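This is input.tsv. It holds TSV, C-alpha atoms and all ligand atoms.
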chain	number	residue	atom	x	y	z
T	123	MET	CA	0.00	0.00	0.00
T	124	SER	CA	2.85	2.43	0.70
T	125	GLU	CA	3.65	2.61	-3.02
T	126	ALA	CA	5.95	5.36	-4.25
T	127	ILE	CA	4.31	8.75	-4.64
T	128	ARG	CA	3.50	9.08	-8.34
T	129	THR	CA	3.40	12.26	-10.41
T	130	ASP	CA	2.94	10.42	-13.71
T	131	TRP	CA	-0.81	9.74	-13.45
T	132	THR	CA	-2.59	9.61	-16.79
T	133	ARG	CA	-6.06	11.01	-17.38
T	134	GLU	CA	-7.17	7.49	-18.31
T	135	GLU	CA	-6.05	6.12	-14.94
T	136	ILE	CA	-7.85	8.89	-13.08
T	137	ALA	CA	-10.99	8.47	-15.19
T	138	ALA	CA	-10.87	4.75	-14.36
T	139	LEU	CA	-10.82	5.62	-10.63
T	140	PHE	CA	-13.93	7.79	-11.05
T	141	ASP	CA	-15.59	4.92	-12.95
T	142	LEU	CA	-15.04	2.35	-10.19
T	143	PRO	CA	-18.06	1.07	-8.30
T	144	PHE	CA	-18.55	3.67	-5.53
T	145	THR	CA	-17.85	1.34	-2.60
T	146	GLU	CA	-14.70	0.01	-4.29
T	147	LEU	CA	-13.43	3.54	-4.90
T	148	VAL	CA	-14.08	4.64	-1.31
T	149	PHE	CA	-12.53	1.44	0.04
T	150	ARG	CA	-9.34	2.03	-1.98
T	151	ALA	CA	-9.19	5.67	-0.91
T	152	ALA	CA	-9.65	4.67	2.74
T	153	GLU	CA	-6.78	2.17	2.42
T	154	VAL	CA	-4.46	4.85	1.00
T	155	HIS	CA	-5.59	7.28	3.69
T	156	ARG	CA	-4.76	4.83	6.48
T	157	ALA	CA	-1.34	4.03	5.02
T	158	HIS	CA	-0.30	7.67	5.19
T	159	HIS	CA	-2.35	9.36	7.90
T	160	ARG	CA	-4.14	8.70	11.17
T	161	ALA	CA	-7.65	8.35	9.82
T	162	SER	CA	-9.46	9.65	12.90
T	163	GLU	CA	-7.53	12.92	12.93
T	164	VAL	CA	-8.79	15.96	11.07
T	165	GLN	CA	-6.85	19.20	10.72
T	166	LEU	CA	-8.70	22.36	11.79
T	167	CYS	CA	-8.00	25.53	9.81
T	168	THR	CA	-9.56	28.96	10.22
T	169	LEU	CA	-10.11	31.45	7.43
T	170	LEU	CA	-10.11	35.23	7.60
T	171	SER	CA	-10.73	37.65	4.78
T	172	ILE	CA	-8.10	40.34	5.41
T	173	LYS	CA	-9.16	42.35	2.34
T	174	THR	CA	-12.67	41.82	1.07
T	175	GLY	CA	-14.41	42.57	-2.23
T	176	GLY	CA	-13.71	44.93	-5.11
T	177	CYS	CA	-11.55	42.36	-6.93
T	178	PRO	CA	-10.86	43.15	-10.61
T	179	GLU	CA	-10.89	39.44	-11.61
T	180	ASP	CA	-14.08	37.96	-13.06
T	181	CYS	CA	-14.16	34.50	-11.44
T	182	GLY	CA	-17.73	33.33	-12.11
T	183	TYR	CA	-18.15	31.78	-8.66
T	184	CYS	CA	-16.89	34.64	-6.53
T	185	SER	CA	-18.91	37.12	-4.50
T	186	GLN	CA	-15.86	39.40	-4.28
T	187	SER	CA	-15.47	40.15	-7.97
T	188	VAL	CA	-16.39	43.68	-9.08
T	189	LYS	CA	-18.40	41.91	-11.80
T	190	ALA	CA	-20.66	40.24	-9.20
T	191	ASP	CA	-23.78	41.91	-7.83
T	192	SER	CA	-23.58	40.06	-4.54
T	193	GLY	CA	-23.86	42.89	-2.04
T	194	VAL	CA	-20.40	42.17	-0.59
T	195	GLU	CA	-18.89	45.46	0.50
T	196	ALA	CA	-15.32	46.23	-0.49
T	197	THR	CA	-12.94	46.91	2.41
T	198	ARG	CA	-9.32	47.97	2.75
T	199	LEU	CA	-6.57	45.66	3.98
T	200	MET	CA	-7.14	45.04	7.71
T	201	ASP	CA	-4.78	46.44	10.31
T	202	VAL	CA	-2.12	44.12	11.65
T	203	GLN	CA	-3.45	44.18	15.23
T	204	ALA	CA	-7.01	43.39	14.13
T	205	VAL	CA	-5.75	40.34	12.20
T	206	LEU	CA	-3.66	39.17	15.16
T	207	GLN	CA	-6.69	39.43	17.43
T	208	ARG	CA	-8.67	37.13	15.10
T	209	ALA	CA	-5.73	34.73	14.92
T	210	ALA	CA	-5.61	34.54	18.71
T	211	GLN	CA	-9.33	33.70	18.78
T	212	ALA	CA	-8.77	30.96	16.19
T	213	LYS	CA	-5.95	29.50	18.26
T	214	ASP	CA	-8.12	29.53	21.39
T	215	ALA	CA	-10.82	27.70	19.44
T	216	GLY	CA	-8.29	24.92	18.70
T	217	SER	CA	-7.32	25.83	15.15
T	218	GLN	CA	-3.95	24.65	13.85
T	219	ARG	CA	-3.67	26.81	10.74
T	220	PHE	CA	-4.70	30.41	10.11
T	221	CYS	CA	-5.50	31.09	6.44
T	222	MET	CA	-5.77	34.68	5.30
T	223	GLY	CA	-7.34	35.68	2.01
T	224	ALA	CA	-7.30	38.92	0.04
T	225	ALA	CA	-9.56	39.79	-2.89
T	226	TRP	CA	-6.70	40.82	-5.14
T	227	ARG	CA	-5.56	39.86	-8.63
T	228	ASN	CA	-2.10	40.27	-7.09
T	229	PRO	CA	-0.67	42.18	-4.13
T	230	LYS	CA	0.86	45.57	-4.83
T	231	ASP	CA	4.42	46.05	-3.64
T	232	ARG	CA	3.19	48.75	-1.24
T	233	ASP	CA	0.96	46.15	0.49
T	234	MET	CA	3.85	43.80	1.20
T	235	PRO	CA	5.31	45.36	4.39
T	236	LYS	CA	1.93	45.00	6.16
T	237	ILE	CA	1.47	41.45	4.85
T	238	VAL	CA	4.96	40.56	6.11
T	239	GLU	CA	4.12	41.98	9.57
T	240	ILE	CA	0.93	39.93	9.65
T	241	VAL	CA	2.73	36.69	8.72
T	242	LYS	CA	5.38	37.26	11.38
T	243	GLY	CA	2.78	38.07	14.04
T	244	VAL	CA	0.59	35.03	13.34
T	245	ALA	CA	3.59	32.70	13.15
T	246	ALA	CA	4.82	34.04	16.52
T	247	MET	CA	1.56	32.79	18.08
T	248	GLY	CA	2.50	29.23	17.14
T	249	LEU	CA	-0.09	28.94	14.39
T	250	GLU	CA	0.71	27.64	10.91
T	251	THR	CA	0.32	30.51	8.46
T	252	CYS	CA	-1.33	30.45	5.04
T	253	MET	CA	-2.00	33.35	2.69
T	254	THR	CA	-3.97	33.57	-0.54
T	255	LEU	CA	-3.35	36.88	-2.27
T	256	GLY	CA	-3.55	36.06	-5.99
T	257	MET	CA	-0.61	36.03	-8.39
T	258	LEU	CA	2.87	36.65	-6.97
T	259	THR	CA	6.15	37.88	-8.38
T	260	PRO	CA	9.28	35.95	-7.35
T	261	LYS	CA	10.28	38.95	-5.21
T	262	GLN	CA	6.96	38.94	-3.34
T	263	ALA	CA	7.13	35.17	-2.84
T	264	GLY	CA	10.65	35.61	-1.46
T	265	MET	CA	9.42	38.24	1.02
T	266	LEU	CA	6.65	35.91	2.20
T	267	ALA	CA	9.10	33.01	2.59
T	268	GLU	CA	11.48	35.18	4.56
T	269	ALA	CA	8.65	36.32	6.83
T	270	GLY	CA	8.07	32.66	7.66
T	271	LEU	CA	4.92	31.94	5.63
T	272	ASP	CA	4.22	28.19	5.79
T	273	TYR	CA	1.64	27.78	2.98
T	274	TYR	CA	0.39	29.70	-0.02
T	275	ASN	CA	-3.10	28.89	-1.33
T	276	HIS	CA	-3.59	29.30	-5.05
T	277	ASN	CA	-6.32	27.15	-6.57
T	278	ILE	CA	-6.34	25.85	-10.13
T	279	ASP	CA	-10.10	25.65	-9.56
T	280	THR	CA	-11.04	23.20	-12.36
T	281	GLY	CA	-9.64	21.27	-15.32
T	282	PRO	CA	-7.68	23.22	-17.95
T	283	GLU	CA	-10.40	22.90	-20.63
T	284	TYR	CA	-13.17	24.30	-18.42
T	285	TYR	CA	-11.07	27.11	-16.91
T	286	GLU	CA	-11.88	29.78	-19.51
T	287	ARG	CA	-15.60	29.12	-19.07
T	288	VAL	CA	-15.26	30.26	-15.45
T	289	ILE	CA	-12.63	33.02	-15.56
T	290	SER	CA	-11.55	35.25	-18.46
T	291	THR	CA	-9.18	37.67	-16.75
T	292	ARG	CA	-6.35	35.14	-16.31
T	293	THR	CA	-5.37	31.75	-17.69
T	294	PHE	CA	-4.82	28.30	-16.26
T	295	GLY	CA	-1.15	28.80	-17.23
T	296	ASP	CA	-0.97	31.95	-15.06
T	297	ARG	CA	-2.11	29.85	-12.10
T	298	LEU	CA	0.56	27.20	-12.72
T	299	GLU	CA	3.19	29.91	-13.02
T	300	THR	CA	2.39	31.31	-9.57
T	301	LEU	CA	2.43	27.76	-8.12
T	302	ASP	CA	5.95	27.39	-9.56
T	303	THR	CA	6.98	30.73	-8.10
T	304	VAL	CA	5.68	29.71	-4.66
T	305	ARG	CA	7.53	26.36	-4.80
T	306	ALA	CA	10.73	28.02	-5.94
T	307	ALA	CA	10.56	30.33	-2.91
T	308	GLY	CA	10.39	27.28	-0.61
T	309	ILE	CA	6.81	27.86	0.58
T	310	SER	CA	4.50	24.82	0.85
T	311	VAL	CA	1.72	24.73	-1.70
T	312	CYS	CA	-2.03	24.61	-1.06
T	313	SER	CA	-3.93	24.17	-4.32
T	314	GLY	CA	-7.27	22.67	-5.20
T	315	GLY	CA	-10.50	23.81	-6.72
T	316	ILE	CA	-14.26	23.83	-6.90
T	317	VAL	CA	-16.62	21.04	-7.85
T	318	GLY	CA	-20.16	21.76	-9.05
T	319	MET	CA	-19.58	24.70	-11.42
T	320	GLY	CA	-21.46	22.99	-14.24
T	321	GLU	CA	-18.35	21.09	-15.34
T	322	MET	CA	-18.43	17.52	-16.66
T	323	ARG	CA	-16.78	14.54	-15.00
T	324	ALA	CA	-14.01	14.80	-17.62
T	325	ASP	CA	-13.22	18.27	-16.22
T	326	ARG	CA	-13.03	16.88	-12.69
T	327	VAL	CA	-10.65	14.22	-14.02
T	328	GLY	CA	-8.60	16.99	-15.68
T	329	PHE	CA	-8.59	18.97	-12.42
T	330	ILE	CA	-7.27	16.06	-10.32
T	331	HIS	CA	-4.83	15.15	-13.12
T	332	ALA	CA	-3.37	18.67	-13.21
T	333	LEU	CA	-2.70	18.60	-9.44
T	334	ALA	CA	-1.47	14.99	-9.29
T	335	THR	CA	1.05	15.56	-12.11
T	336	LEU	CA	2.65	18.70	-10.67
T	337	PRO	CA	6.39	18.09	-10.12
T	338	ARG	CA	5.53	17.89	-6.40
T	339	HIS	CA	2.00	17.38	-5.11
T	340	PRO	CA	0.54	20.30	-3.20
T	341	GLU	CA	0.88	19.66	0.52
T	342	SER	CA	-2.79	20.73	0.89
T	343	VAL	CA	-5.55	20.10	-1.61
T	344	PRO	CA	-8.79	21.97	-0.84
T	345	VAL	CA	-11.85	20.49	-2.55
T	346	ASN	CA	-14.65	23.06	-2.45
T	347	ALA	CA	-18.26	22.47	-3.39
T	348	LEU	CA	-19.52	25.59	-5.14
T	349	VAL	CA	-21.31	27.89	-2.71
T	350	PRO	CA	-23.90	29.40	-5.03
T	351	VAL	CA	-23.93	33.12	-4.32
T	352	LYS	CA	-26.76	35.22	-5.76
T	353	GLY	CA	-25.44	37.87	-8.14
T	354	THR	CA	-22.50	35.74	-9.34
T	355	VAL	CA	-22.60	34.15	-12.80
T	356	LEU	CA	-22.43	30.61	-11.43
T	357	GLY	CA	-24.66	31.21	-8.42
T	358	ASP	CA	-27.39	32.57	-10.68
T	359	MET	CA	-26.91	29.77	-13.21
T	360	LEU	CA	-27.37	27.21	-10.46
T	361	ALA	CA	-30.48	28.95	-9.17
T	362	ASP	CA	-31.97	28.70	-12.68
T	363	THR	CA	-30.88	25.08	-13.27
T	364	PRO	CA	-30.98	23.31	-9.92
T	365	LEU	CA	-30.09	20.02	-11.60
T	366	ALA	CA	-26.61	21.43	-12.22
T	367	LYS	CA	-25.90	21.14	-8.47
T	368	ILE	CA	-23.18	18.61	-7.84
T	369	ASP	CA	-24.40	15.20	-6.79
T	370	ASP	CA	-23.11	14.27	-3.31
T	371	ILE	CA	-21.79	10.90	-4.48
T	372	GLU	CA	-19.88	12.54	-7.35
T	373	PHE	CA	-18.39	15.01	-4.85
T	374	VAL	CA	-17.20	12.11	-2.67
T	375	ARG	CA	-15.73	10.43	-5.77
T	376	THR	CA	-13.66	13.58	-6.41
T	377	VAL	CA	-12.37	13.55	-2.82
T	378	ALA	CA	-11.47	9.86	-3.16
T	379	ALA	CA	-9.62	10.45	-6.45
T	380	ALA	CA	-7.63	13.26	-4.80
T	381	ARG	CA	-6.74	10.99	-1.88
T	382	ILE	CA	-5.64	8.04	-4.05
T	383	THR	CA	-3.56	10.09	-6.46
T	384	MET	CA	-1.99	12.39	-3.82
T	385	PRO	CA	-1.58	10.04	-0.84
T	386	LYS	CA	0.46	12.29	1.44
T	387	SER	CA	-1.41	15.54	0.87
T	388	MET	CA	-3.92	16.94	3.31
T	389	VAL	CA	-7.22	16.83	1.44
T	390	ARG	CA	-9.43	19.61	2.73
T	391	LEU	CA	-13.20	19.36	2.68
T	392	SER	CA	-13.57	23.09	2.15
T	393	ALA	CA	-16.43	25.37	1.10
T	394	GLY	CA	-19.94	23.98	0.83
T	395	ARG	CA	-20.02	21.95	4.07
T	396	GLU	CA	-22.78	24.09	5.54
T	397	SER	CA	-25.24	22.67	3.04
T	398	MET	CA	-23.85	19.11	3.13
T	399	SER	CA	-25.49	16.40	5.22
T	400	GLU	CA	-23.55	14.79	8.05
T	401	ALA	CA	-23.66	11.54	6.09
T	402	THR	CA	-22.02	13.11	3.03
T	403	GLN	CA	-19.33	14.68	5.18
T	404	ALA	CA	-18.76	11.31	6.89
T	405	LEU	CA	-18.31	9.70	3.45
T	406	CYS	CA	-15.78	12.41	2.56
T	407	PHE	CA	-13.79	11.63	5.74
T	408	LEU	CA	-13.97	7.93	4.90
T	409	ALA	CA	-12.77	8.70	1.37
T	410	GLY	CA	-9.70	10.47	2.76
T	411	ALA	CA	-10.61	14.08	3.51
T	412	ASN	CA	-8.63	15.03	6.62
T	413	SER	CA	-8.86	18.78	6.95
T	414	ILE	CA	-11.70	21.32	7.30
T	415	PHE	CA	-12.30	25.01	7.79
T	416	THR	CA	-13.86	25.74	11.17
T	417	GLY	CA	-15.91	28.72	12.33
T	418	ASP	CA	-19.12	30.39	11.19
T	419	THR	CA	-17.73	32.13	8.12
T	420	LEU	CA	-15.41	31.19	5.27
T	421	LEU	CA	-14.27	34.38	3.53
T	422	THR	CA	-17.71	35.87	2.88
T	423	ALA	CA	-19.96	32.79	2.83
T	424	PRO	CA	-21.37	30.90	5.82
T	425	ASN	CA	-19.59	27.82	7.16
T	426	ALA	CA	-20.91	24.91	9.22
T	427	GLY	CA	-19.89	26.52	12.55
T	428	ASP	CA	-18.12	25.14	15.62
T	429	ASP	CA	-21.20	23.77	17.38
T	430	ALA	CA	-22.24	21.71	14.36
T	431	ASP	CA	-18.66	20.54	13.85
T	432	GLY	CA	-18.20	19.63	17.52
T	433	ALA	CA	-21.35	17.52	17.36
T	434	LEU	CA	-20.26	15.90	14.08
T	435	PHE	CA	-16.78	15.06	15.41
T	436	ALA	CA	-18.29	13.54	18.56
T	437	LYS	CA	-20.73	11.48	16.51
T	438	LEU	CA	-18.02	10.22	14.15
T	439	GLY	CA	-15.26	9.80	16.76
T	440	LEU	CA	-12.99	12.26	14.96
T	441	VAL	CA	-10.38	14.32	16.80
T	442	PRO	CA	-8.46	17.46	15.82
T	443	LEU	CA	-5.03	16.86	14.35
T	444	THR	CA	-2.30	18.14	16.65
T	445	GLY	CA	0.92	19.83	15.52
T	446	GLU	CA	2.68	16.56	14.75
T	447	GLU	CA	3.18	15.93	11.03
T	448	PRO	CA	0.91	13.16	9.79
T	449	MET	CA	3.70	11.00	8.34
T	450	ARG	CA	5.77	11.20	11.47
T	451	ALA	CA	2.66	10.33	13.45
T	452	CYS	CA	2.19	7.24	11.25
T	453	GLN	CA	5.80	6.14	11.67
T	454	ALA	CA	5.58	6.58	15.44
T	455	MET	CA	2.47	4.41	15.50
T	456	ALA	CA	4.17	1.74	13.40
T	457	ALA	CA	7.15	1.69	15.78
T	458	GLU	CA	4.94	1.22	18.86
T	501	LIG	N1	-7.98	36.28	-4.76
T	501	LIG	C1	-7.24	35.14	-4.46
T	501	LIG	C2	-7.33	34.08	-5.50
T	501	LIG	O1	-8.35	34.00	-6.18
T	501	LIG	O2	-6.40	33.28	-5.60
T	501	LIG	C3	-7.57	34.55	-3.11
T	501	LIG	C4	-9.00	34.49	-2.60
T	501	LIG	S1	-10.11	33.43	-3.49
T	501	LIG	C5	-11.67	33.87	-2.81
T	501	LIG	C6	-9.76	31.80	-2.88
T	501	LIG	C7	-10.50	30.63	-3.46
T	501	LIG	O3	-11.80	30.52	-2.90
T	501	LIG	C8	-10.77	30.60	-4.94
T	501	LIG	O4	-9.66	30.18	-5.66
T	501	LIG	C9	-11.90	29.59	-5.07
T	501	LIG	O5	-11.39	28.29	-5.31
T	501	LIG	C10	-12.56	29.64	-3.69
T	501	LIG	N2	-13.93	30.17	-3.78
T	501	LIG	C11	-14.27	31.46	-3.98
T	501	LIG	N3	-15.62	31.60	-4.04
T	501	LIG	C12	-16.14	30.37	-3.89
T	501	LIG	C13	-17.48	29.86	-3.88
T	501	LIG	N4	-18.54	30.65	-4.04
T	501	LIG	N5	-17.66	28.54	-3.68
T	501	LIG	C14	-16.59	27.72	-3.50
T	501	LIG	N6	-15.30	28.15	-3.50
T	501	LIG	C15	-15.07	29.45	-3.70
T	502	LIG	C1	-10.15	27.39	-0.60
T	502	LIG	O1	-9.91	26.50	-1.44
T	502	LIG	N1	-11.34	27.62	-0.09
T	502	LIG	C2	-11.28	28.77	0.80
T	502	LIG	C3	-9.77	29.10	0.85
T	502	LIG	N2	-9.24	28.22	-0.13
T	502	LIG	C4	-9.30	30.47	0.69
T	502	LIG	C5	-12.17	29.88	0.37
T	502	LIG	C6	-13.62	29.45	0.21
T	502	LIG	C7	-14.40	30.63	-0.14
T	502	LIG	C8	-15.86	30.37	-0.15
T	502	LIG	C9	-16.67	31.52	-0.56
T	502	LIG	C10	-16.61	32.72	0.32
T	502	LIG	O2	-16.46	32.63	1.56
T	502	LIG	O3	-16.75	33.82	-0.21
T	503	LIG	FE1	-10.80	37.87	-6.97
T	503	LIG	FE2	-9.95	35.58	-5.89
T	503	LIG	FE3	-12.59	36.16	-6.04
T	503	LIG	FE4	-11.27	35.59	-8.26
T	503	LIG	S1	-11.59	34.22	-6.51
T	503	LIG	S2	-12.71	37.32	-7.98
T	503	LIG	S3	-9.27	36.48	-7.83
T	503	LIG	S4	-11.07	37.24	-4.84
As structure tokens, what does this structure read like?
Amino acid sequence: MSEAIRTDWTREEIAALFDLPFTELVFRAAEVHRAHHRASEVQLCTLLSIKTGGCPEDCGYCSQSVKADSGVEATRLMDVQAVLQRAAQAKDAGSQRFCMGAAWRNPKDRDMPKIVEIVKGVAAMGLETCMTLGMLTPKQAGMLAEAGLDYYNHNIDTGPEYYERVISTRTFGDRLETLDTVRAAGISVCSGGIVGMGEMRADRVGFIHALATLPRHPESVPVNALVPVKGTVLGDMLADTPLAKIDDIEFVRTVAAARITMPKSMVRLSAGRESMSEATQALCFLAGANSIFTGDTLLTAPNAGDDADGALFAKLGLVPLTGEEPMRACQAMAAE
């Protein structure tokens, strides 16, 4: 089971995983999960939007695009102290990683000193740090690395063929370039995407394929279910064609394919949990998801909330992942 980590997956192989009988697929994913992680442990991450709305990009799913009529108010970049206060609250609530998002196409150089201060402050609290700020220059990535940033989130969102149907202001290639820049700076990569944007299964195969064939797999792979926001292109499309909503079983298949192809990565069950049943979430954990966002809010959209998550964890016998790296945890268990 502890086969070598592969980055040479073919689309045909990944399509064949999706085509497996559901129980066979989930069983295989659960086997891979157990070989590389402690299956009852789930990483808790907290999100904060440090700069909301007014984004010049036209991502069809996003409430923060200037093109969306979503009612999200544009704000300026938060003050360092205000961010640190929210990070402290997240730590008190048991979060391991603090993920900060900005509605930018890319940060401006004049924003960087404040961003650097924020990274240093959050890291000093003993939290893992993650930022998602859009495209980066090598110089900006270097500044983040030097500040001690642990992870950079930059999603490829969907398969390469469907990308231009969702976003026109940048290309799939632009996304890959920033991922390269982040890697080259020595920052760990968080990259995933969104399921349920009206794409076909072949696009979901292409999405997993693109991640699983990167020279190194992203350390974190967020799998979001589209949160349909009124006033966004995709939110409105979904409201008009409810059948386009992703089927729960197909969502779980996508999680399982991510787990099997990227065995060591943390697979994050991300946006969309607030409208997912406990049973679907349980299937996702069985299929290898081992990370979630906690709290009542994602960036602008509602999240499941700590009370619901506490109850779910108790019901399923899940526990928060502690600071120990999953692989080291596995090896320690094997040595016992
Ligand atoms: N502006 C930066 C960027 O796009 O890289 C960072 C923030 S952006 C909001 C982070 C990610 O959130 C997007 O890449 C997308 O995958 C996800 N996201 C945004 N809106 C979403 C929605 N309505 N449903 C699900 N995921 C969403
Ligand atoms: C990711 O893949 N999902 C998070 C995080 N990375 C930045 C964001 C989800 C956003 C959901 C919609 C919203 O809150 O506006
Ligand atoms: Fe801007 Fe990011 Fe939203 Fe796209 S996903 S509109 S880049 S904030």
**OP:** Around ligand LIG 501 (chain T), at most 9 Å away and counting all atoms listed in the file, which residues are there? Put them as JSON, numbers by chain, please.
**Re:** {"T": [171, 174, 177, 179, 181, 182, 183, 184, 185, 186, 187, 222, 223, 224, 225, 226, 227, 228, 253, 254, 255, 256, 257, 275, 276, 277, 278, 279, 280, 297, 313, 314, 315, 316, 317, 318, 319, 344, 345, 346, 347, 348, 349, 350, 351, 354, 356, 357, 392, 393, 394, 420, 421, 422, 423]}
Original post:
So which residues fall inside 10 Å of (-21.6, 13.2, 12.7) if we count all atoms listed in the file? Mind giving them as a PyMOL selection string?
Top reply: chain T and resi 399-404+430-440
Write the residues you've just listed into a file as a PDB file, in the coordinates of the input, and include C-alpha atoms for each of them.
ATOM      1  CA  SER T 399     -25.490  16.400   5.220  1.00  0.00           C
ATOM      2  CA  GLU T 400     -23.550  14.790   8.050  1.00  0.00           C
ATOM      3  CA  ALA T 401     -23.660  11.540   6.090  1.00  0.00           C
ATOM      4  CA  THR T 402     -22.020  13.110   3.030  1.00  0.00           C
ATOM      5  CA  GLN T 403     -19.330  14.680   5.180  1.00  0.00           C
ATOM      6  CA  ALA T 404     -18.760  11.310   6.890  1.00  0.00           C
ATOM      7  CA  ALA T 430     -22.240  21.710  14.360  1.00  0.00           C
ATOM      8  CA  ASP T 431     -18.660  20.540  13.850  1.00  0.00           C
ATOM      9  CA  GLY T 432     -18.200  19.630  17.520  1.00  0.00           C
ATOM     10  CA  ALA T 433     -21.350  17.520  17.360  1.00  0.00           C
ATOM     11  CA  LEU T 434     -20.260  15.900  14.080  1.00  0.00           C
ATOM     12  CA  PHE T 435     -16.780  15.060  15.410  1.00  0.00           C
ATOM     13  CA  ALA T 436     -18.290  13.540  18.560  1.00  0.00           C
ATOM     14  CA  LYS T 437     -20.730  11.480  16.510  1.00  0.00           C
ATOM     15  CA  LEU T 438     -18.020  10.220  14.150  1.00  0.00           C
ATOM     16  CA  GLY T 439     -15.260   9.800  16.760  1.00  0.00           C
ATOM     17  CA  LEU T 440     -12.990  12.260  14.960  1.00  0.00           C
TER      18      LEU T 440
END
Original post:
How many Å separate atom CA of T:Glu268 from atom CA of T:Lys230?
Top reply: 17.6 Å
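Between ligand LIG 502 (chain T) and the residues T:Met384, T:Val188, T:Leu139, T:Val343, the shortest atom-to-atom distance, using all atoms listed in the file, involves T:Val343.
Close contacts of stretch 303-310 of chain T, defined as residues with an atom at most 8 Å away when counting only C-alpha atoms, with chain neighbours fewer than 3 positions off set aside, comprise Leu258, Thr259, Pro260, Ala263, Gly264, Ala267, Leu271, Asp272, Tyr273, Tyr274, Glu299, Thr300, Pro340 and Glu341 of chain T.
If you look at atom CA of T:Asp231 and atom CA of T:Thr291, they are 20.7 Å away from each other.
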Subject >> Between atom CA of T:Ala378 and atom CA of T:Arg150 - distance in Å to one decimal >> reply: 8.2 Å
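Nearest residue to ligand LIG 503 (chain T) among T:Asp296, T:Glu163, T:Asp233, T:Glu146 is T:Asp296, counting all atoms listed in the file.
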Subject >> For T:Gly353: contacts at 9 Å, only C-alpha atoms, fewer than 4 positions along chain excluded, given as a PyMOL selection string >> reply: chain T and resi 185+189-193+357-358
Taking C-alpha atoms for each residue, export the selection above as a PDB file, in the coordinates of the input.
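As a result, result_7.pdb now contains:
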ATOM      1  CA  SER T 185     -18.910  37.120  -4.500  1.00  0.00           C
ATOM      2  CA  LYS T 189     -18.400  41.910 -11.800  1.00  0.00           C
ATOM      3  CA  ALA T 190     -20.660  40.240  -9.200  1.00  0.00           C
ATOM      4  CA  ASP T 191     -23.780  41.910  -7.830  1.00  0.00           C
ATOM      5  CA  SER T 192     -23.580  40.060  -4.540  1.00  0.00           C
ATOM      6  CA  GLY T 193     -23.860  42.890  -2.040  1.00  0.00           C
ATOM      7  CA  GLY T 357     -24.660  31.210  -8.420  1.00  0.00           C
ATOM      8  CA  ASP T 358     -27.390  32.570 -10.680  1.00  0.00           C
TER       9      ASP T 358
END
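Of the residues under consideration (T:Ser387, T:Thr419, T:Asn412, T:Asn425), T:Ser387 shows the shortest atom-to-atom contact distance to T:Ile127 when counting all atoms listed in the file.
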Subject >> Residues within 10 Å of T:Leu166, only C-alpha atoms, excluding chain neighbours under 6 positions, as an MDAnalysis selection string >> reply: chainID T and resid 212 215:220 390 412:417 441:444
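Counting all atoms listed in the file, the residue from T:Cys252, T:Val244, T:Ala204, T:Ala209 that sits nearest to T:Cys312 is T:Cys252.
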Original post:
Smallest atom-to-atom distance to T:Arg326: which of T:Gly248, T:Pro178, T:Pro282, T:Pro229, using all atoms listed in the file?
Top reply: T:Pro282
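Nearest to ligand LIG 503 (chain T) of all the residues T:Glu134, T:Asp214, T:Asp325, T:Asp180 is T:Asp180, counting only C-alpha atoms and all ligand atoms.
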Enclose ligand LIG 502 (chain T), meaning all of its atoms listed in the file, in a box aligned along x, y and z, pad it by 8 Å on each side, and list the centre and edge lengths in Å to one decimal, as lines of an AutoDock Vina configuration file.
center_x = -13.0
center_y = 30.2
center_z = 0.1
size_x = 23.5
size_y = 23.3
size_z = 19.0
Subject >> Test item: which residues lie within 7 Å of (-12.3, 45.5, 4.9) counting all atoms listed in the file, as a ChimeraX atom specification >> reply: /T:172-174,196-200
Kindly export the residues of the current selection with C-alpha atoms, as an mmCIF file, keeping the file's coordinate frame.
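Result file is selection-v2.cif:
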data_model
loop_
_atom_site.group_PDB
_atom_site.id
_atom_site.type_symbol
_atom_site.label_atom_id
_atom_site.label_comp_id
_atom_site.auth_asym_id
_atom_site.auth_seq_id
_atom_site.Cartn_x
_atom_site.Cartn_y
_atom_site.Cartn_z
ATOM 1 C CA ILE T 172 -8.100 40.340 5.410
ATOM 2 C CA LYS T 173 -9.160 42.350 2.340
ATOM 3 C CA THR T 174 -12.670 41.820 1.070
ATOM 4 C CA ALA T 196 -15.320 46.230 -0.490
ATOM 5 C CA THR T 197 -12.940 46.910 2.410
ATOM 6 C CA ARG T 198 -9.320 47.970 2.750
ATOM 7 C CA LEU T 199 -6.570 45.660 3.980
ATOM 8 C CA MET T 200 -7.140 45.040 7.710
#
Subject >> T:Arg232 environment, 12 Å, only C-alpha atoms, sequence neighbours closer than 5 positions dropped, as a PyMOL selection string >> reply: chain T and resi 199+237-238+262
